[in-house]
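Written below as structure tokens is the structure these notes are about.
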Amino acid sequence: MKAKKIDIKKFVSNNAIIILVFILMMITGFSTKNFFSADNFKNLLANMSPRFILACGVSGCLITKGTDLSAGRQAGLAACLSAMMLQKLDYSARVLTWLPSIPWPVVLLIVMVIMGCIGAINGCVIAFLKVPPFIATLGMQTIVYGACQIITNNQPLGGFEDSYLVVGRGVILSIIPYLAIFAVIIGLYFWFLYNKTRHGKYMYAIGGNENAAQVAGVNVVATLIRIYLLAGMMYGMAGFLIGTKAGGASTATGFGYELEAIAACTIGGVSANGGVGKVSGILIGVLVFEVLKICLQFLGVDPAYTFIAQGVVIIVAVALDLRKYLAKK
Amino acid sequence: MSMDEKDTRPSPEEPMPPSAESPEPQESPDEAPPRPKRPIERFYDKFEGVPLKALDIFIGILIAAFIILVVLGYLKGHEII
């Protein structure tokens, strides 16, 4: 009986946030109309998908004991670049008037390559120059924001082509948004990458003990650059999807998304200490955070209190991570 | 890495300098060299003296604060307060 009690305590301790949000979800579901509805489920999936992709990108940085504070701004820049390349030809406020119509998959590839290059720069600064990831990515965050302001001339962007809008608003079987398909593909890819490839093993090895990994023959520099490059590509995809979902883009797009992504990863078990993290955990973390936001919205909670509540959840996530670290010691 | 660039990471063959805070155990040649602690670990290590029970109480207080915030936000959102 005592052993069972300890297991329950450990379970509650490890999953406190998930249990809390689950209880909140039940209360919201039974006290409000339409919470448990197909429309709300569709909305949840649509909100989760780009954030999950962003969190997958950030997770590699966290697993190797780094971080990427430029994620949100990179996604914002990607959204703005996508918007500029996918505006209707006859739109009066079209920015790139000289550009012919480009298919959206080509634009997606272009923004992923551009953001991948920015991610690679982050990786090089961190791996070669040994600048702490917090500082390197904080600097890049500001640079990307400035670049976005210059490129867009601080004007909001809209007037998208219908083919682009369909990506963000289309659904399959009346309930599964197209955005979710992107998220599923990325999730499966990252699961494969983290669990079945050498890159994944190197990543966890670096996160566990960088010196030991290097002694064992892991090319730490190349792996770190690959991680940040891949993260950049994910921010590019996330930004592309955020733009189409919102139907518009501006320099404010993506603001704060990196903190949400880091919080979601932490809630999902990706430790800030590195070496630990699963794609399923990332998915749970993003789901918990989005469900929390939707619950507070449905309950009619004042928006200011929503922000404070989200902040408290982030602190609880870090406190639980700290508790796990100290309990292990 | 080019020949001109200095590798500032500790060499695996060089012994790590003894820590000022706690004595390092004698290493066997087969063990992985101890790694320098990252900022987040150094931050977490500051809480080493904190009993887990106190941390549990802190987490409990945060959860209670979350519940109070949701209730207050609900009341404010519905203009009850």
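Letters for chains follow the order of the structure tokens (A, B, ...), residue numbers begin at 1 for each chain, and ligand numbers begin at 1 in the order shown.
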Using only C-alpha atoms, find the residues of chain A whose closest atom to chain B is at most 8 Å away, then write them as number ranges by chain.
A: 65, 128, 209-212, 215, 272-273, 296, 299-306, 308-309, 312-313, 316, 319-320, 322-323, 325-327
Find the residues near A:Arg226: any atom within 12 Å, counting only C-alpha atoms, skip ones fewer than 2 places away on the same chain, and give them as a VMD selection string.
chain A and resid 57 60 to 61 64 116 to 124 126 to 127 193 199 to 200 202 to 203 219 to 224 228 to 233
Between atom CA of A:Val270 and atom CA of A:Phe192, distance in Å (one decimal)
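One can read the atom CA of A:Val270 to atom CA of A:Phe192 distance as 17.0 Å.
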According to DSSP computed on the backbone, where in stretch 56-232 of chain A is there helix (DSSP H, G or I)? Give the residues as a ChimeraX atom specification.
/A:56-63,71-85,104-127,133-152,162-169,178-196,198-208,210-215,220-232
Find the residues around A:Ile314 up to 8 Å (only C-alpha atoms counted), leave out those fewer than 3 positions away in its own chain, and share them as a list of chain:residue names.
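Returned residues: A:Ala263, A:Ile267, A:Gln310, A:Gly311, A:Ala317, A:Val318.
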